[in-house]
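Visitor: My structure is in protein17.cif, and what it holds is mmCIF, C-alpha atoms:
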data_coords
#
loop_
_atom_site.label_atom_id
_atom_site.label_comp_id
_atom_site.auth_asym_id
_atom_site.auth_seq_id
_atom_site.Cartn_x
_atom_site.Cartn_y
_atom_site.Cartn_z
CA MET A 11 31.17 163.82 143.87
CA ALA A 12 28.49 161.53 145.29
CA LEU A 13 28.18 158.29 143.37
CA GLU A 14 24.53 157.97 142.31
CA ARG A 15 24.56 156.00 139.04
CA LEU A 16 26.70 152.92 138.53
CA VAL A 17 26.94 150.35 135.74
CA ILE A 18 28.36 146.93 136.59
CA SER A 19 29.63 144.67 133.82
CA CYS A 20 29.65 140.92 134.44
CA GLY A 21 30.81 138.26 132.02
CA GLY A 22 31.25 134.53 131.93
CA THR A 23 30.74 132.47 135.06
CA GLY A 24 28.94 132.95 138.33
CA GLY A 25 32.29 133.91 139.82
CA HIS A 26 31.93 137.22 138.00
CA PHE A 27 28.16 137.60 138.15
CA PHE A 28 27.27 136.91 141.78
CA PRO A 29 29.83 139.30 143.30
CA GLY A 30 28.64 141.93 140.81
CA LEU A 31 25.04 141.29 141.80
CA SER A 32 25.99 141.67 145.47
CA VAL A 33 27.56 145.06 144.76
CA ALA A 34 24.47 146.08 142.79
CA ARG A 35 22.14 145.11 145.61
CA SER A 36 24.19 146.98 148.20
CA PHE A 37 24.41 150.08 146.02
CA GLN A 38 20.68 150.09 145.26
CA ASP A 39 19.74 149.41 148.89
CA ASN A 40 21.64 152.56 149.82
CA GLY A 41 19.75 154.74 147.35
CA GLY A 42 21.89 154.41 144.21
CA ARG A 43 20.72 153.63 140.69
CA VAL A 44 22.42 150.63 139.15
CA LEU A 45 22.42 148.75 135.86
CA LEU A 46 23.93 145.32 135.22
CA LEU A 47 25.28 144.64 131.73
CA LEU A 48 25.64 140.88 131.30
CA SER A 49 27.86 139.11 128.79
CA GLY A 50 28.57 135.47 128.07
CA ILE A 51 26.56 132.29 127.55
CA HIS A 52 24.74 132.62 130.88
CA ALA A 53 23.61 136.22 130.34
CA GLU A 54 19.90 135.46 129.92
CA SER A 55 19.65 133.22 132.99
CA GLN A 56 21.69 135.72 135.02
CA LYS A 57 19.33 138.48 133.90
CA GLU A 58 16.42 136.55 135.41
CA ILE A 59 18.27 136.10 138.70
CA ALA A 60 19.13 139.79 138.86
CA GLU A 61 15.58 140.89 138.14
CA LYS A 62 14.24 138.61 140.89
CA SER A 63 16.48 140.60 143.23
CA GLY A 64 14.99 143.84 141.93
CA ILE A 65 18.06 144.80 139.91
CA ARG A 66 17.71 146.10 136.37
CA ALA A 67 19.83 144.02 133.97
CA VAL A 68 20.48 143.84 130.24
CA ALA A 69 21.76 140.72 128.47
CA LEU A 70 24.17 141.55 125.65
CA PRO A 71 24.52 139.52 122.42
CA PRO A 72 26.69 136.39 122.72
CA MET A 73 30.32 136.75 121.76
CA PRO A 74 32.18 133.41 121.49
CA HIS A 75 35.94 133.19 121.88
CA TYR A 76 37.65 134.63 118.82
CA ARG A 77 39.75 131.50 118.32
CA ARG A 78 36.70 129.25 118.19
CA ASN A 79 34.64 131.30 115.77
CA PRO A 80 36.26 134.56 114.55
CA LEU A 81 33.25 135.65 112.48
CA ARG A 82 30.74 135.17 115.30
CA PHE A 83 33.17 136.88 117.68
CA ILE A 84 33.30 139.96 115.44
CA LYS A 85 29.53 139.95 114.99
CA GLY A 86 28.93 139.56 118.72
CA PHE A 87 31.49 142.22 119.58
CA VAL A 88 30.00 144.80 117.20
CA SER A 89 26.43 144.07 118.36
CA GLY A 90 27.45 144.18 122.01
CA TYR A 91 29.42 147.38 121.56
CA ARG A 92 26.49 149.14 119.87
CA LYS A 93 23.93 147.93 122.41
CA THR A 94 26.22 148.94 125.26
CA GLY A 95 26.62 152.40 123.73
CA ARG A 96 22.86 152.87 123.69
CA GLU A 97 22.48 151.66 127.28
CA LEU A 98 25.27 153.93 128.51
CA LYS A 99 23.80 156.92 126.72
CA ASN A 100 20.36 156.34 128.25
CA PHE A 101 21.60 155.53 131.75
CA ASP A 102 24.39 158.13 131.88
CA PRO A 103 26.50 156.40 134.57
CA GLN A 104 29.18 158.12 136.59
CA ALA A 105 31.33 154.98 136.63
CA LEU A 106 31.63 151.48 135.25
CA LEU A 107 32.68 148.59 137.47
CA GLY A 108 34.02 145.60 135.50
CA MET A 109 34.03 142.24 137.27
CA GLY A 110 36.46 140.55 134.88
CA SER A 111 36.32 138.28 131.78
CA PHE A 112 37.16 139.11 128.17
CA ALA A 113 33.45 138.64 127.45
CA THR A 114 33.01 142.17 128.81
CA LEU A 115 35.36 143.69 126.23
CA PRO A 116 32.57 145.49 124.28
CA VAL A 117 31.32 147.10 127.49
CA VAL A 118 34.74 148.23 128.66
CA LEU A 119 35.66 149.72 125.28
CA ALA A 120 32.30 151.47 124.94
CA ALA A 121 32.76 153.03 128.38
CA VAL A 122 36.32 154.11 127.59
CA LYS A 123 35.13 155.68 124.34
CA LYS A 124 32.57 157.72 126.31
CA HIS A 125 35.16 158.70 128.94
CA ILE A 126 33.28 156.93 131.71
CA PRO A 127 35.67 156.18 134.61
CA LEU A 128 36.51 152.48 134.72
CA PHE A 129 37.05 150.42 137.88
CA LEU A 130 37.81 146.71 138.12
CA HIS A 131 37.27 143.91 140.59
CA ASP A 132 38.95 140.51 140.60
CA GLY A 133 37.66 137.71 142.79
CA ASN A 134 40.99 136.02 143.38
CA ALA A 135 44.48 136.56 144.76
CA ARG A 136 45.81 136.66 141.19
CA ILE A 137 44.53 139.43 138.91
CA GLY A 138 43.25 137.66 135.81
CA ARG A 139 44.35 138.21 132.22
CA ALA A 140 41.28 140.23 131.25
CA ASN A 141 41.58 142.61 134.18
CA ARG A 142 45.32 142.99 133.59
CA PHE A 143 44.53 144.00 130.02
CA PHE A 144 41.71 146.35 131.06
CA SER A 145 43.87 147.93 133.77
CA ARG A 146 45.48 150.30 131.23
CA TRP A 147 42.21 152.28 131.28
CA ALA A 148 41.17 151.77 134.90
CA LYS A 149 41.31 154.10 137.90
CA PHE A 150 42.00 151.10 140.15
CA ALA A 151 41.64 147.33 140.33
CA ALA A 152 40.27 145.83 143.53
CA SER A 153 40.95 142.23 144.51
CA ALA A 154 39.24 139.83 146.88
CA PHE A 155 42.55 138.92 148.54
CA PRO A 156 46.01 140.52 148.45
CA ALA A 157 47.12 140.24 144.82
CA VAL A 158 50.27 138.24 144.11
CA ASN A 159 50.75 139.94 140.74
CA SER A 160 49.75 143.55 141.36
CA ALA A 161 52.91 144.69 139.56
CA ASP A 162 51.43 143.33 136.32
CA CYS A 163 48.58 145.85 136.43
CA ARG A 164 48.82 149.33 134.92
CA CYS A 165 46.69 150.92 137.61
CA GLN A 166 46.55 151.06 141.37
CA VAL A 167 45.59 147.78 143.04
CA MET A 168 43.68 147.67 146.32
CA VAL A 169 42.16 144.90 148.43
CA SER A 170 38.40 145.29 148.81
CA GLY A 171 37.42 141.74 149.70
CA MET A 172 34.87 139.56 147.90
CA PRO A 173 31.33 140.99 147.74
CA LEU A 174 29.00 138.29 149.09
CA ARG A 175 25.22 138.18 149.15
CA PRO A 176 23.87 140.09 152.17
CA GLU A 177 21.95 137.10 153.56
CA LEU A 178 25.21 135.31 154.33
CA ARG A 179 26.13 137.92 156.93
CA GLU A 180 22.99 137.05 158.90
CA PHE A 181 23.71 133.32 158.77
CA ALA A 182 27.34 133.86 159.78
CA GLY A 183 26.10 134.62 163.28
CA LEU A 184 23.78 131.60 163.44
CA ASP A 185 24.29 129.33 166.44
CA LYS A 186 25.53 125.82 165.60
CA THR A 187 22.61 124.17 167.39
CA GLU A 188 20.13 126.25 165.40
CA ALA A 189 21.95 125.47 162.16
CA LEU A 190 21.93 121.73 162.89
CA ALA A 191 18.23 121.85 163.70
CA ALA A 192 17.55 123.55 160.35
CA LEU A 193 19.58 120.90 158.52
CA ASN A 194 17.81 118.07 160.33
CA ARG A 195 14.43 119.49 159.32
CA GLU A 196 15.50 119.96 155.72
CA PHE A 197 17.27 116.64 155.17
CA ASN A 198 15.58 114.38 157.74
CA THR A 199 18.92 113.78 159.45
CA ASP A 200 19.84 113.32 163.11
CA PHE A 201 22.99 115.41 163.40
CA THR A 202 23.85 116.34 166.99
CA ALA A 203 25.87 119.15 168.54
CA ASP A 204 28.07 116.82 170.61
CA LYS A 205 29.98 115.50 167.59
CA PRO A 206 31.90 117.61 165.05
CA LEU A 207 30.30 117.97 161.64
CA ILE A 208 32.71 117.73 158.71
CA LEU A 209 31.51 119.33 155.48
CA VAL A 210 32.81 118.21 152.09
CA THR A 211 32.08 120.48 149.14
CA GLY A 212 33.56 120.53 145.67
CA GLY A 213 31.21 123.14 144.27
CA SER A 214 28.28 122.62 141.90
CA GLN A 215 30.38 120.42 139.60
CA GLY A 216 31.85 118.45 142.47
CA ALA A 217 35.44 117.29 142.92
CA ALA A 218 36.33 113.77 141.84
CA VAL A 219 39.13 113.56 144.37
CA PHE A 220 36.71 114.31 147.22
CA ASN A 221 34.15 111.76 146.02
CA THR A 222 36.67 108.94 145.73
CA VAL A 223 39.25 109.64 148.44
CA LEU A 224 37.31 111.11 151.36
CA PRO A 225 34.69 108.37 151.93
CA GLU A 226 37.50 105.84 152.35
CA ALA A 227 39.47 108.23 154.53
CA PHE A 228 36.49 108.78 156.84
CA TYR A 229 36.02 105.02 157.06
CA SER A 230 39.70 104.62 158.01
CA ALA A 231 39.51 107.42 160.59
CA GLY A 232 36.82 105.54 162.52
CA SER A 233 33.99 107.40 164.25
CA GLY A 234 33.28 110.28 166.60
CA PHE A 235 32.25 112.66 163.82
CA GLN A 236 29.45 113.38 161.34
CA VAL A 237 29.75 114.07 157.60
CA PHE A 238 27.76 116.10 155.12
CA HIS A 239 29.07 115.50 151.60
CA LEU A 240 28.12 117.54 148.53
CA THR A 241 29.10 115.47 145.50
CA GLY A 242 28.23 117.79 142.61
CA LYS A 243 25.57 117.25 139.96
CA GLY A 244 25.33 113.73 138.57
CA LYS A 245 28.00 112.34 140.90
CA LEU A 246 25.97 111.04 143.82
CA SER A 247 26.50 107.34 143.08
CA ASP A 248 30.29 107.79 143.00
CA ALA A 249 30.37 108.80 146.64
CA GLU A 250 27.52 106.60 147.88
CA LYS A 251 29.53 103.46 147.21
CA GLY A 252 32.34 104.69 149.43
CA TYR A 253 29.98 105.44 152.31
CA ALA A 254 28.13 102.08 152.13
CA LYS A 255 29.78 100.78 155.33
CA ALA A 256 30.03 104.08 157.17
CA GLY A 257 30.02 103.76 160.95
CA PHE A 258 29.14 107.42 161.46
CA PRO A 259 26.18 109.68 160.60
CA VAL A 260 26.46 110.84 156.99
CA LYS A 261 24.30 112.70 154.50
CA ILE A 262 25.19 112.71 150.81
CA VAL A 263 23.51 115.07 148.33
CA GLU A 264 24.49 116.49 144.94
CA THR A 265 23.87 120.19 145.64
CA THR A 266 21.85 122.26 148.07
CA SER A 267 20.49 125.76 148.56
CA LYS A 268 21.22 125.44 152.30
CA MET A 269 24.91 126.26 152.04
CA ALA A 270 24.69 128.99 154.67
CA GLU A 271 23.22 126.62 157.25
CA LEU A 272 25.88 124.05 156.42
CA LEU A 273 28.68 126.55 156.89
CA ALA A 274 27.20 127.70 160.18
CA ALA A 275 26.98 124.10 161.43
CA ALA A 276 30.32 122.76 160.15
CA ASP A 277 33.37 122.34 162.37
CA LEU A 278 35.77 121.44 159.55
CA VAL A 279 35.46 121.89 155.78
CA PHE A 280 37.14 120.11 152.88
CA SER A 281 36.76 122.46 149.92
CA ARG A 282 38.07 123.84 146.66
CA SER A 283 39.43 127.37 146.88
CA GLY A 284 37.59 129.48 144.34
CA GLY A 285 37.30 133.14 145.30
CA SER A 286 33.69 133.16 146.49
CA THR A 287 34.03 129.83 148.29
CA ALA A 288 37.17 130.94 150.14
CA ALA A 289 35.54 134.25 151.09
CA GLU A 290 32.47 132.46 152.45
CA LEU A 291 34.65 130.14 154.55
CA ALA A 292 36.38 133.23 155.95
CA LEU A 293 33.08 134.96 156.69
CA PHE A 294 31.93 131.96 158.73
CA GLY A 295 35.37 131.47 160.30
CA LYS A 296 35.67 127.82 159.31
CA PRO A 297 38.91 125.84 159.67
CA SER A 298 39.41 124.38 156.23
CA VAL A 299 41.38 121.95 154.16
CA LEU A 300 41.69 123.76 150.85
CA VAL A 301 42.37 121.62 147.79
CA PRO A 302 42.77 123.93 144.76
CA TYR A 303 41.23 122.91 141.47
CA PRO A 304 44.36 121.96 139.50
CA TYR A 305 43.14 123.34 136.16
CA ALA A 306 42.07 126.79 137.38
CA ALA A 307 43.36 129.56 135.11
CA GLU A 308 46.97 130.47 135.95
CA GLY A 309 46.66 128.45 139.17
CA HIS A 310 44.62 131.15 140.86
CA GLN A 311 42.93 128.74 143.29
CA SER A 312 46.36 127.81 144.64
CA ASP A 313 47.07 131.51 145.17
CA ASN A 314 43.79 131.89 147.07
CA ALA A 315 44.48 128.88 149.26
CA ARG A 316 48.04 129.99 149.95
CA HIS A 317 46.79 133.34 151.24
CA PHE A 318 44.84 131.57 153.99
CA ALA A 319 47.43 128.86 154.64
CA ASP A 320 50.22 131.41 155.03
CA ASN A 321 48.14 133.21 157.65
CA GLY A 322 47.49 130.08 159.71
CA ALA A 323 43.84 129.95 158.67
CA ALA A 324 43.71 126.80 156.51
CA LYS A 325 45.64 123.73 155.46
CA LEU A 326 46.64 123.72 151.79
CA VAL A 327 46.75 120.31 150.09
CA GLU A 328 47.37 120.06 146.37
CA ASN A 329 44.92 117.90 144.44
CA SER A 330 47.50 115.21 143.62
CA ASP A 331 48.57 115.01 147.28
CA LEU A 332 45.10 114.32 148.70
CA THR A 333 45.44 110.56 149.07
CA VAL A 334 43.47 108.34 151.44
CA SER A 335 46.38 108.22 153.88
CA CYS A 336 46.84 112.02 153.73
CA ALA A 337 43.14 112.70 154.32
CA THR A 338 42.93 110.11 157.10
CA GLU A 339 45.84 111.73 158.90
CA ILE A 340 44.18 115.16 158.63
CA ILE A 341 40.87 113.87 160.01
CA ARG A 342 42.57 112.11 162.93
CA GLU A 343 44.64 115.21 163.66
CA PHE A 344 41.45 117.28 163.73
CA LEU A 345 39.76 114.87 166.14
CA LEU A 346 42.78 114.78 168.47
CA ASP A 347 43.54 118.52 168.50
CA LYS A 348 40.32 120.46 167.97
CA GLU A 349 41.79 123.52 169.69
CA LYS A 350 44.42 123.87 166.97
CA TRP A 351 41.75 123.82 164.27
CA LEU A 352 39.52 126.16 166.24
CA LYS A 353 42.37 128.67 166.26
CA MET A 354 42.67 128.25 162.49
CA GLY A 355 38.97 129.08 162.22
CA ASN A 356 39.50 132.22 164.28
CA ASN A 357 42.38 133.20 162.00
CA MET A 358 40.13 132.59 159.01
CA LYS A 359 37.49 134.89 160.50
CA GLU A 360 40.06 137.65 160.99
CA LEU A 361 40.85 137.55 157.26
CA SER A 362 37.23 138.10 156.30
CA ILE A 363 36.06 141.42 154.84
CA PRO A 364 32.28 141.26 155.39
CA ASP A 365 31.64 144.79 154.08
CA ALA A 366 33.47 144.20 150.78
CA ALA A 367 30.65 145.56 148.60
CA GLU A 368 30.41 148.78 150.59
CA LYS A 369 34.19 149.13 150.66
CA LEU A 370 34.35 148.79 146.87
CA ILE A 371 31.56 151.32 146.32
CA ASP A 372 33.22 153.76 148.72
CA GLY A 373 36.52 153.40 146.87
CA ILE A 374 34.84 154.23 143.57
CA SER A 375 33.06 157.23 145.07
CA ARG A 376 36.26 158.61 146.57
CA SER A 377 38.09 158.22 143.25
CA LEU A 378 35.48 160.37 141.53
CA ASP A 379 36.04 163.32 143.90
#
Could you write out this file's structure as structure tokens?
Guide:
Amino acid sequence: MALERLVISCGGTGGHFFPGLSVARSFQDNGGRVLLLLSGIHAESQKEIAEKSGIRAVALPPMPHYRRNPLRFIKGFVSGYRKTGRELKNFDPQALLGMGSFATLPVVLAAVKKHIPLFLHDGNARIGRANRFFSRWAKFAASAFPAVNSADCRCQVMVSGMPLRPELREFAGLDKTEALAALNREFNTDFTADKPLILVTGGSQGAAVFNTVLPEAFYSAGSGFQVFHLTGKGKLSDAEKGYAKAGFPVKIVETTSKMAELLAAADLVFSRSGGSTAAELALFGKPSVLVPYPYAAEGHQSDNARHFADNGAAKLVENSDLTVSCATEIIREFLLDKEKWLKMGNNMKELSIPDAAEKLIDGISRSLD
């Protein structure tokens, strides 16, 4: 049976929404009809983003965690379940793809009630609680990286990769010189191709350990490199103090929309290890120092980082272990043995699954036959 109509359910954070949007775009670009059902506190803003990409989306009523407000949870669940039922009846999908989060519970149950085949995707190396619960009704659960807890699921588990926005594939082939030129135009910098560029990124919220430890570590390591440091919103001043006496070219910003150019230009990356971030580093083949966020649910960022570290593609450093002396040693090691880190980048590239969205769609289609 050819898959022509697909509903994708996204709930909670951008870690669920953006991969779902990438699948939706790929499916629609290849002639399919798709509908996004959005749950959680960011549903309205995500709806706007989806519609700007030409994807039809519906924001469902908010449903707070049942422990925080049981009455509002029940009200939100009932409203969401009813609205989902109407949308499913009108759209008549052949399958529902759930991207995780208990916020999507009304959608999943409404689809199960209507006997719509359910498929799941998890953006990490550890299948999350919601997807483990939903797996009792699912045809299969796909994961971004090999799942460490596949035995906890009640359905087949496959590795599909992390669906990333199509534009990233184009930038992944961008020449370093071109990428540096684009950055210099955008940020009025003077980065050059003859010195390695080290990228520091803790995500939109930043990473306190990066902002406090790494400036001092770079200062201790000396020179012969360039740094681009993303501090996270509202945390610029924290890092600026540490770079006050820098003897190397450095640019410090809170966030940027030029992440693709940065990844294309970078020779080494210090980063957290969320699913999308790790998949992007793999797509660009970047040797990385992965420092998992220590409070990630069930330690899933450590599982992600370990997948790459175990395959010789990254160096895993726990948050509490990233001291000034540790970071300084890593930077000096990188400067002295670039070939070793270049090989790590090649290993990272080999772990990438650039056609993850298409692979996931194909898996759903085959399961419907």
Visitor: What does the PyMOL selection byres ((chain A and resi 315-327) around 6) select in this file, as a PyMOL selection string?
Guide: chain A and resi 283+297-301+312-314+328+354+357-358
Visitor: So which residues fall inside 6 Å of (37.9, 124.0, 160.0) if we count all atoms listed in the file? Mind giving them as number ranges by chain?
Guide: A: 277-279, 296-298, 351, 355
Visitor: Can you spit out the residues from that selection as a PDB file, keeping the file's coordinate frame, using C-alpha atoms?
Guide:
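Final file, result.pdb:
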ATOM      1  CA  ASP A 277      33.370 122.340 162.370  1.00  0.00           C
ATOM      2  CA  LEU A 278      35.770 121.440 159.550  1.00  0.00           C
ATOM      3  CA  VAL A 279      35.460 121.890 155.780  1.00  0.00           C
ATOM      4  CA  LYS A 296      35.670 127.820 159.310  1.00  0.00           C
ATOM      5  CA  PRO A 297      38.910 125.840 159.670  1.00  0.00           C
ATOM      6  CA  SER A 298      39.410 124.380 156.230  1.00  0.00           C
ATOM      7  CA  TRP A 351      41.750 123.820 164.270  1.00  0.00           C
ATOM      8  CA  GLY A 355      38.970 129.080 162.220  1.00  0.00           C
TER       9      GLY A 355
END
Visitor: Pick from A:His310, A:Leu207, A:Ala191, A:Ala275: nearest to Val260 of chain A, with all atoms listed in the file counted?
Guide: A:Leu207
Visitor: Any idea what's packed within 9 Å of Asn141 of chain A, counting all atoms listed in the file, ignoring anything in its chain fewer than 6 positions away? Could you give it as an NGL selection string?
Guide: :A and (108-112 or 130-132 or 151 or 163)
Visitor: Between A:Leu106, A:Ala270, A:Ala140, A:Ala161, which is the closest to Glu177 of chain A once you count all atoms listed in the file?
Guide: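 So, comparing all the options, the nearest one is A:Ala270.
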Visitor: Between A:Leu31, A:Leu174, A:Cys165, A:Met269, which residue has the minimum interatomic distance to Thr211 of chain A, considering all atoms listed in the file?
Guide: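 Nearest to Thr211 of chain A: A:Met269.
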Visitor: Using only C-alpha atoms and a cutoff of 10 Å, can you tell me which residues are near (32.0, 140.9, 138.6) in the file's coordinates, and write them out as a VMD selection string?
Guide: chain A and resid 18 to 33 46 48 107 to 111 114 130 to 133 172 to 173
Visitor: Check what the PyMOL selection byres ((chain A and resi 94) around 9) selects in the file above and give those residues as number ranges by chain.
Guide: A: 47, 70, 89-93, 95-99, 116-117, 120-121
Visitor: Any chance you could work out the residue set of the PyMOL selection byres ((chain A and resi 223) around 12) here, as a VMD selection string?
Guide: chain A and resid 210 217 to 222 224 to 230 248 to 249 251 to 253 280 329 to 338
Visitor: Could the residues in this selection be saved with C-alpha atoms as a PDB file, keeping the file's coordinate frame?
Guide:
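Result went into selection35.pdb, see below:
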ATOM      1  CA  VAL A 210      32.810 118.210 152.090  1.00  0.00           C
ATOM      2  CA  ALA A 217      35.440 117.290 142.920  1.00  0.00           C
ATOM      3  CA  ALA A 218      36.330 113.770 141.840  1.00  0.00           C
ATOM      4  CA  VAL A 219      39.130 113.560 144.370  1.00  0.00           C
ATOM      5  CA  PHE A 220      36.710 114.310 147.220  1.00  0.00           C
ATOM      6  CA  ASN A 221      34.150 111.760 146.020  1.00  0.00           C
ATOM      7  CA  THR A 222      36.670 108.940 145.730  1.00  0.00           C
ATOM      8  CA  LEU A 224      37.310 111.110 151.360  1.00  0.00           C
ATOM      9  CA  PRO A 225      34.690 108.370 151.930  1.00  0.00           C
ATOM     10  CA  GLU A 226      37.500 105.840 152.350  1.00  0.00           C
ATOM     11  CA  ALA A 227      39.470 108.230 154.530  1.00  0.00           C
ATOM     12  CA  PHE A 228      36.490 108.780 156.840  1.00  0.00           C
ATOM     13  CA  TYR A 229      36.020 105.020 157.060  1.00  0.00           C
ATOM     14  CA  SER A 230      39.700 104.620 158.010  1.00  0.00           C
ATOM     15  CA  ASP A 248      30.290 107.790 143.000  1.00  0.00           C
ATOM     16  CA  ALA A 249      30.370 108.800 146.640  1.00  0.00           C
ATOM     17  CA  LYS A 251      29.530 103.460 147.210  1.00  0.00           C
ATOM     18  CA  GLY A 252      32.340 104.690 149.430  1.00  0.00           C
ATOM     19  CA  TYR A 253      29.980 105.440 152.310  1.00  0.00           C
ATOM     20  CA  PHE A 280      37.140 120.110 152.880  1.00  0.00           C
ATOM     21  CA  ASN A 329      44.920 117.900 144.440  1.00  0.00           C
ATOM     22  CA  SER A 330      47.500 115.210 143.620  1.00  0.00           C
ATOM     23  CA  ASP A 331      48.570 115.010 147.280  1.00  0.00           C
ATOM     24  CA  LEU A 332      45.100 114.320 148.700  1.00  0.00           C
ATOM     25  CA  THR A 333      45.440 110.560 149.070  1.00  0.00           C
ATOM     26  CA  VAL A 334      43.470 108.340 151.440  1.00  0.00           C
ATOM     27  CA  SER A 335      46.380 108.220 153.880  1.00  0.00           C
ATOM     28  CA  CYS A 336      46.840 112.020 153.730  1.00  0.00           C
ATOM     29  CA  ALA A 337      43.140 112.700 154.320  1.00  0.00           C
ATOM     30  CA  THR A 338      42.930 110.110 157.100  1.00  0.00           C
TER      31      THR A 338
END
Visitor: Name the residues in contact with Glu290 of chain A at a cut-off of 9 Å, using all atoms listed in the file, excluding same-chain residues fewer than 2 positions from it; report them as a PyMOL selection string.
Guide: chain A and resi 172+174+178+270+273+285-288+292-296+362
Visitor: Would you mind exporting the chosen residues as a compact mmCIF listing (two decimals), keeping the file's coordinate frame, restricted to C-alpha atoms?
Guide:
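File produced: result24.txt:
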# COMPACT_ATOMS: atom_id res chain seq x y z
CA MET A 172 34.87 139.56 147.90
CA LEU A 174 29.00 138.29 149.09
CA LEU A 178 25.21 135.31 154.33
CA ALA A 270 24.69 128.99 154.67
CA LEU A 273 28.68 126.55 156.89
CA GLY A 285 37.30 133.14 145.30
CA SER A 286 33.69 133.16 146.49
CA THR A 287 34.03 129.83 148.29
CA ALA A 288 37.17 130.94 150.14
CA ALA A 292 36.38 133.23 155.95
CA LEU A 293 33.08 134.96 156.69
CA PHE A 294 31.93 131.96 158.73
CA GLY A 295 35.37 131.47 160.30
CA LYS A 296 35.67 127.82 159.31
CA SER A 362 37.23 138.10 156.30
Visitor: What's the separation between atom CA of Phe144 of chain A and atom CA of Asp162 of chain A, in Å to one decimal place?
Guide: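 Separation between atom CA of Phe144 of chain A and atom CA of Asp162 of chain A: 11.5 Å.
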Visitor: For Ser375 of chain A, which of A:Phe235, A:Phe129, A:Phe197, A:Tyr305 is the closest residue, counting all atoms listed in the file?
Guide: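 So, comparing all the options, the nearest one is A:Phe129.
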Visitor: If I take atom CA of Ala366 of chain A and atom CA of Ala192 of chain A, how far is one from the other in Å, to one decimal?
Guide: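 Those two atoms sit 27.8 Å apart.
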Visitor: In Å to one decimal, how far is atom CA of Ala113 of chain A from atom CA of Arg77 of chain A?
Guide: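 Spanning atom CA of Arg77 of chain A to atom CA of Ala113 of chain A is a straight-line distance of 13.2 Å.
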